[in-house]
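What follows is a set of notes on a single structure, which appears directly below.
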Amino acid sequence: MHAYSAPAKIILFGEHAVVYGEPAIAAPFRALQAQVTATPAPYGSGLSIIGAASGVTLHVSPANDTPDNALIYAAQLVLEALGKPPPDLTLELRSDIPIGGGFGSGAAVSAALMRALSAALGAPLSGEALNALVYRVEQLHHGTPSGIDNTVIVYEQPVYFVRGEPPQTFRVGAPLTFLVADTGVSASTRETVGDVRRLYEGDQAHYGAIIAEIGELVRRARALIEAGGACEELGELMNTNHALLRALSVSSALLDHLCATARQQGAYGAKLSGGGRGGSLIALTEPDLAPALAKALREAGAVQTWLMQLE
């Protein structure tokens, strides 16, 4: 029995604008993980996937037509890439990453499953090959994903990402402490990306300017993170990024309330993270303020909070 895992991810700056060629900054969020355990199965039983939460067992056939189920599709992509028939194997999935929370749950589950299956077949996928395959599953989840989720999750390091370009890792000049909060509201990234697309196509001058402003803000944020020690300025950029995401229609009353609460409690800045309209938010804080901030956010409506260090 062998276990393979992949972390969640957090977008620090640039969500939605990244779809239009602007940069984004994201980091792995190791407090949450997807894990897949591979166990040999009796001869002739084929390839099965067990979802621990659902208890449902899926059977993978070699058919290459794209199924609606992302887990089956992920397994089929690995078999196709390696030119292998389904092995006699049971893959059991466990994940503590909230679905629809902006944490990259789909990409993490796909990456862990693909790692487990390719290793069991004796041909572990390289990072580049795995990233390409996980992106194809992301297309099933999200329609026109930016590619940032799969990239951060597969390589497991902070990246500065521009769609269509190789991801760039970058230096963190001084450790940063973020509090991550889950609203408990599941939201579809596919829907929010589609809604922003419709706004943009309806008024490219207006919404294009908002998207360009987000891109410029991300470039400034990277410079500040690399330089280290500029929490006040970085927090202001987070607040501005959130306001611009509100202008793209992807915030919510609860997200706005939680971000305002974080600022009132002394956070340097706060913004939604991910697709929006639910999911998660992040707040930049001093480590000693984090416990009180976490308590205030839970009292204001967050269902769960975690600490995240970027270093």
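The chains in the structure tokens are called A, B, ... from first to last as shown; in each chain the residues are counted from 1, and the ligands are counted from 1 in the order shown.
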Original post:
Residues at most 10 Å from A:Ile49, counting only C-alpha atoms, excluding those fewer than 3 positions away in the same chain, as a ChimeraX atom specification?
Top reply: /A:36-38,52,55-60,71-72,75,89-93,113
Go ahead and write the selection's residues with C-alpha atoms as a compact mmCIF listing (two decimals), in the first residue's frame.
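The new file again10.txt reads:
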# COMPACT_ATOMS: atom_id res chain seq x y z
CA VAL A 36 -4.70 8.76 -2.60
CA THR A 37 -3.73 5.29 -1.38
CA ALA A 38 -2.95 2.62 -4.00
CA ALA A 52 -13.80 8.15 1.01
CA GLY A 55 -18.22 5.82 -0.24
CA VAL A 56 -18.98 5.35 -3.94
CA THR A 57 -16.76 2.98 -5.91
CA LEU A 58 -15.98 3.98 -9.50
CA HIS A 59 -14.73 1.51 -12.10
CA VAL A 60 -12.36 2.77 -14.78
CA LEU A 71 -11.80 11.05 -11.24
CA ILE A 72 -12.45 8.55 -14.02
CA ALA A 75 -7.31 7.93 -14.47
CA LEU A 89 -5.65 -1.76 -8.42
CA THR A 90 -7.79 0.10 -5.88
CA LEU A 91 -7.24 3.83 -5.44
CA GLU A 92 -8.77 5.23 -2.25
CA LEU A 93 -9.21 8.98 -2.02
CA LEU A 113 -4.65 10.33 -8.04
Subject >> Who sits within 10 Å of stretch 163-178 of chain A, only C-alpha atoms, same chain under 2 positions skipped, as a ChimeraX atom specification >> reply: /A:12,18-25,27,145-148,151-152,155,157-161,180-181,222-231,267-270,281-288,290,306-311
May I have the selected residues written with C-alpha atoms, as a short mmCIF file (atom, residue, chain, number, x, y, z; two decimals), in the first residue's frame?
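Done, and the output landed in selection.cif:
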data_model
loop_
_atom_site.label_atom_id
_atom_site.label_comp_id
_atom_site.auth_asym_id
_atom_site.auth_seq_id
_atom_site.Cartn_x
_atom_site.Cartn_y
_atom_site.Cartn_z
CA LEU A 12 -2.61 35.72 -3.01
CA VAL A 18 -5.05 35.92 -14.78
CA VAL A 19 -7.54 34.48 -17.29
CA TYR A 20 -6.88 37.54 -19.50
CA GLY A 21 -3.08 37.29 -19.54
CA GLU A 22 -2.33 39.32 -16.41
CA PRO A 23 -0.03 37.82 -13.74
CA ALA A 24 -1.15 36.17 -10.52
CA ILE A 25 0.66 35.06 -7.38
CA ALA A 27 1.20 29.52 -3.03
CA PRO A 145 -9.11 27.64 -16.33
CA SER A 146 -6.05 29.86 -16.09
CA GLY A 147 -3.77 26.94 -15.21
CA ILE A 148 -2.62 28.48 -11.95
CA THR A 151 0.78 24.62 -11.54
CA VAL A 152 1.05 25.61 -7.86
CA TYR A 155 5.14 21.99 -8.21
CA GLN A 157 5.98 26.10 -4.39
CA PRO A 158 4.95 29.77 -4.63
CA VAL A 159 4.71 30.94 -8.21
CA TYR A 160 4.30 34.10 -10.22
CA PHE A 161 2.13 32.91 -13.05
CA VAL A 180 -7.12 31.84 5.74
CA ALA A 181 -10.87 31.65 6.35
CA ARG A 222 5.66 40.58 -6.20
CA ALA A 223 8.29 43.30 -5.80
CA LEU A 224 7.14 43.95 -2.22
CA ILE A 225 7.16 40.24 -1.29
CA GLU A 226 10.65 39.80 -2.73
CA ALA A 227 11.93 42.87 -0.91
CA GLY A 228 10.43 41.78 2.43
CA GLY A 229 9.11 43.79 5.36
CA ALA A 230 6.47 45.88 3.60
CA CYS A 231 3.32 44.49 5.25
CA ALA A 267 -5.07 42.84 9.74
CA TYR A 268 -2.89 44.73 7.27
CA GLY A 269 -5.29 43.78 4.48
CA ALA A 270 -7.81 41.18 3.39
CA LEU A 281 -10.55 34.80 1.97
CA ILE A 282 -7.07 35.63 3.19
CA ALA A 283 -5.89 38.27 5.63
CA LEU A 284 -2.32 39.43 6.14
CA THR A 285 -1.58 39.73 9.86
CA GLU A 286 1.05 39.76 12.56
CA PRO A 287 1.47 36.29 14.09
CA ASP A 288 0.51 37.47 17.59
CA ALA A 290 -3.77 35.70 14.52
CA TRP A 306 -6.15 28.26 9.31
CA LEU A 307 -2.77 29.92 9.67
CA MET A 308 -0.46 30.00 6.67
CA GLN A 309 3.19 31.05 6.59
CA LEU A 310 4.73 32.21 3.33
CA GLU A 311 8.50 31.95 3.53
#
**OP:** Tell me which protein, DNA and RNA residues are within 6 Å of A:Pro28, counting only C-alpha atoms, leaving out same-chain ones fewer than 5 positions away, and put them as a list in words.
**Re:**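 The residues satisfying every condition are Ala8, Lys9, Glu156 and Gln157 of chain A.
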Export, as an mmCIF file, in the first residue's frame, the selected residues with N, CA and C atoms.
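Ended up saving to again-v5.cif:
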data_model
loop_
_atom_site.group_PDB
_atom_site.id
_atom_site.type_symbol
_atom_site.label_atom_id
_atom_site.label_comp_id
_atom_site.auth_asym_id
_atom_site.auth_seq_id
_atom_site.Cartn_x
_atom_site.Cartn_y
_atom_site.Cartn_z
ATOM 1 N N ALA A 8 -3.459 21.773 -1.060
ATOM 2 C CA ALA A 8 -4.360 22.806 -1.572
ATOM 3 C C ALA A 8 -3.518 23.988 -2.063
ATOM 4 N N LYS A 9 -4.198 25.011 -2.554
ATOM 5 C CA LYS A 9 -3.491 26.217 -2.989
ATOM 6 C C LYS A 9 -4.275 27.443 -2.558
ATOM 7 N N GLU A 156 4.256 22.530 -6.012
ATOM 8 C CA GLU A 156 4.281 22.714 -4.559
ATOM 9 C C GLU A 156 5.236 23.819 -4.111
ATOM 10 N N GLN A 157 5.191 24.944 -4.815
ATOM 11 C CA GLN A 157 5.975 26.097 -4.390
ATOM 12 C C GLN A 157 5.300 27.379 -4.865
#
With only C-alpha atoms as the counted atoms, please give the residues lying no more than 10 Å from A:Arg246, apart from itself and same-chain residues fewer than 4 positions off, as a PDB file with N, CA and C atoms, in the first residue's frame.
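Here's the written file result_25.pdb:
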ATOM      1  N   THR A 240      -7.117  46.763  -2.140  1.00  0.00           N
ATOM      2  CA  THR A 240      -7.435  47.270  -3.474  1.00  0.00           C
ATOM      3  C   THR A 240      -7.834  46.129  -4.408  1.00  0.00           C
ATOM      4  N   ASN A 241      -7.099  45.004  -4.310  1.00  0.00           N
ATOM      5  CA  ASN A 241      -7.419  43.843  -5.149  1.00  0.00           C
ATOM      6  C   ASN A 241      -8.845  43.365  -4.865  1.00  0.00           C
ATOM      7  N   HIS A 242      -9.216  43.352  -3.583  1.00  0.00           N
ATOM      8  CA  HIS A 242     -10.580  42.924  -3.237  1.00  0.00           C
ATOM      9  C   HIS A 242     -11.618  43.876  -3.831  1.00  0.00           C
ATOM     10  N   VAL A 250     -17.540  39.438  -8.341  1.00  0.00           N
ATOM     11  CA  VAL A 250     -17.259  38.108  -7.801  1.00  0.00           C
ATOM     12  C   VAL A 250     -17.106  38.084  -6.280  1.00  0.00           C
ATOM     13  N   SER A 251     -17.443  39.192  -5.595  1.00  0.00           N
ATOM     14  CA  SER A 251     -17.456  39.139  -4.144  1.00  0.00           C
ATOM     15  C   SER A 251     -18.864  38.746  -3.678  1.00  0.00           C
ATOM     16  N   SER A 252     -19.109  38.875  -2.386  1.00  0.00           N
ATOM     17  CA  SER A 252     -20.433  38.601  -1.815  1.00  0.00           C
ATOM     18  C   SER A 252     -20.550  39.403  -0.539  1.00  0.00           C
ATOM     19  N   LEU A 255     -18.327  37.754   2.134  1.00  0.00           N
ATOM     20  CA  LEU A 255     -16.907  38.010   1.912  1.00  0.00           C
ATOM     21  C   LEU A 255     -16.543  39.445   2.277  1.00  0.00           C
ATOM     22  N   ASP A 256     -17.385  40.391   1.868  1.00  0.00           N
ATOM     23  CA  ASP A 256     -17.118  41.798   2.195  1.00  0.00           C
ATOM     24  C   ASP A 256     -17.121  42.006   3.711  1.00  0.00           C
ATOM     25  N   LYS A 271      -8.656  40.020   1.466  1.00  0.00           N
ATOM     26  CA  LYS A 271      -9.315  39.904   0.158  1.00  0.00           C
ATOM     27  C   LYS A 271      -9.863  38.499  -0.009  1.00  0.00           C
ATOM     28  N   LEU A 272     -10.821  38.376  -0.920  1.00  0.00           N
ATOM     29  CA  LEU A 272     -11.262  37.034  -1.285  1.00  0.00           C
ATOM     30  C   LEU A 272     -10.123  36.326  -2.006  1.00  0.00           C
ATOM     31  N   GLY A 276     -14.395  33.275  -5.882  1.00  0.00           N
ATOM     32  CA  GLY A 276     -15.263  34.285  -5.285  1.00  0.00           C
ATOM     33  C   GLY A 276     -16.697  33.838  -5.110  1.00  0.00           C
ATOM     34  N   ARG A 277     -17.542  34.777  -4.629  1.00  0.00           N
ATOM     35  CA  ARG A 277     -18.963  34.586  -4.310  1.00  0.00           C
ATOM     36  C   ARG A 277     -19.190  33.560  -3.209  1.00  0.00           C
TER      37      ARG A 277
END
Please identify all polymer residues within 12 Å of A:Gln139, counting only C-alpha atoms, omitting same-chain residues fewer than 4 positions from it, and present them as a PDB file with C-alpha atoms, in the first residue's frame.
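Output contents, as saved in around-v6.pdb:
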ATOM      1  CA  THR A  66     -14.450  11.926 -21.996  1.00  0.00           C
ATOM      2  CA  ASP A  68     -18.443  13.515 -16.819  1.00  0.00           C
ATOM      3  CA  ALA A  70     -13.363  13.931 -13.191  1.00  0.00           C
ATOM      4  CA  TYR A  73     -11.208  11.079 -16.579  1.00  0.00           C
ATOM      5  CA  ALA A  74      -8.003  11.667 -14.587  1.00  0.00           C
ATOM      6  CA  GLY A 106     -10.164  19.468  -7.978  1.00  0.00           C
ATOM      7  CA  ALA A 107      -6.558  19.973  -9.052  1.00  0.00           C
ATOM      8  CA  SER A 110      -6.362  14.917  -9.691  1.00  0.00           C
ATOM      9  CA  ALA A 132      -0.314  19.095 -18.368  1.00  0.00           C
ATOM     10  CA  LEU A 133      -2.653  16.217 -17.498  1.00  0.00           C
ATOM     11  CA  VAL A 134      -4.073  17.873 -14.382  1.00  0.00           C
ATOM     12  CA  TYR A 135      -4.789  20.958 -16.497  1.00  0.00           C
ATOM     13  CA  GLY A 143     -14.185  25.350 -18.765  1.00  0.00           C
ATOM     14  CA  THR A 144     -11.382  27.865 -19.402  1.00  0.00           C
ATOM     15  CA  PRO A 145      -9.114  27.640 -16.329  1.00  0.00           C
ATOM     16  CA  SER A 146      -6.049  29.863 -16.089  1.00  0.00           C
ATOM     17  CA  GLY A 147      -3.771  26.944 -15.209  1.00  0.00           C
ATOM     18  CA  ASP A 149      -4.225  25.892  -9.627  1.00  0.00           C
ATOM     19  CA  ASN A 150      -2.615  22.876 -11.242  1.00  0.00           C
ATOM     20  CA  THR A 189     -15.384  28.832 -10.487  1.00  0.00           C
ATOM     21  CA  ARG A 190     -16.755  27.908 -13.911  1.00  0.00           C
TER      22      ARG A 190
END
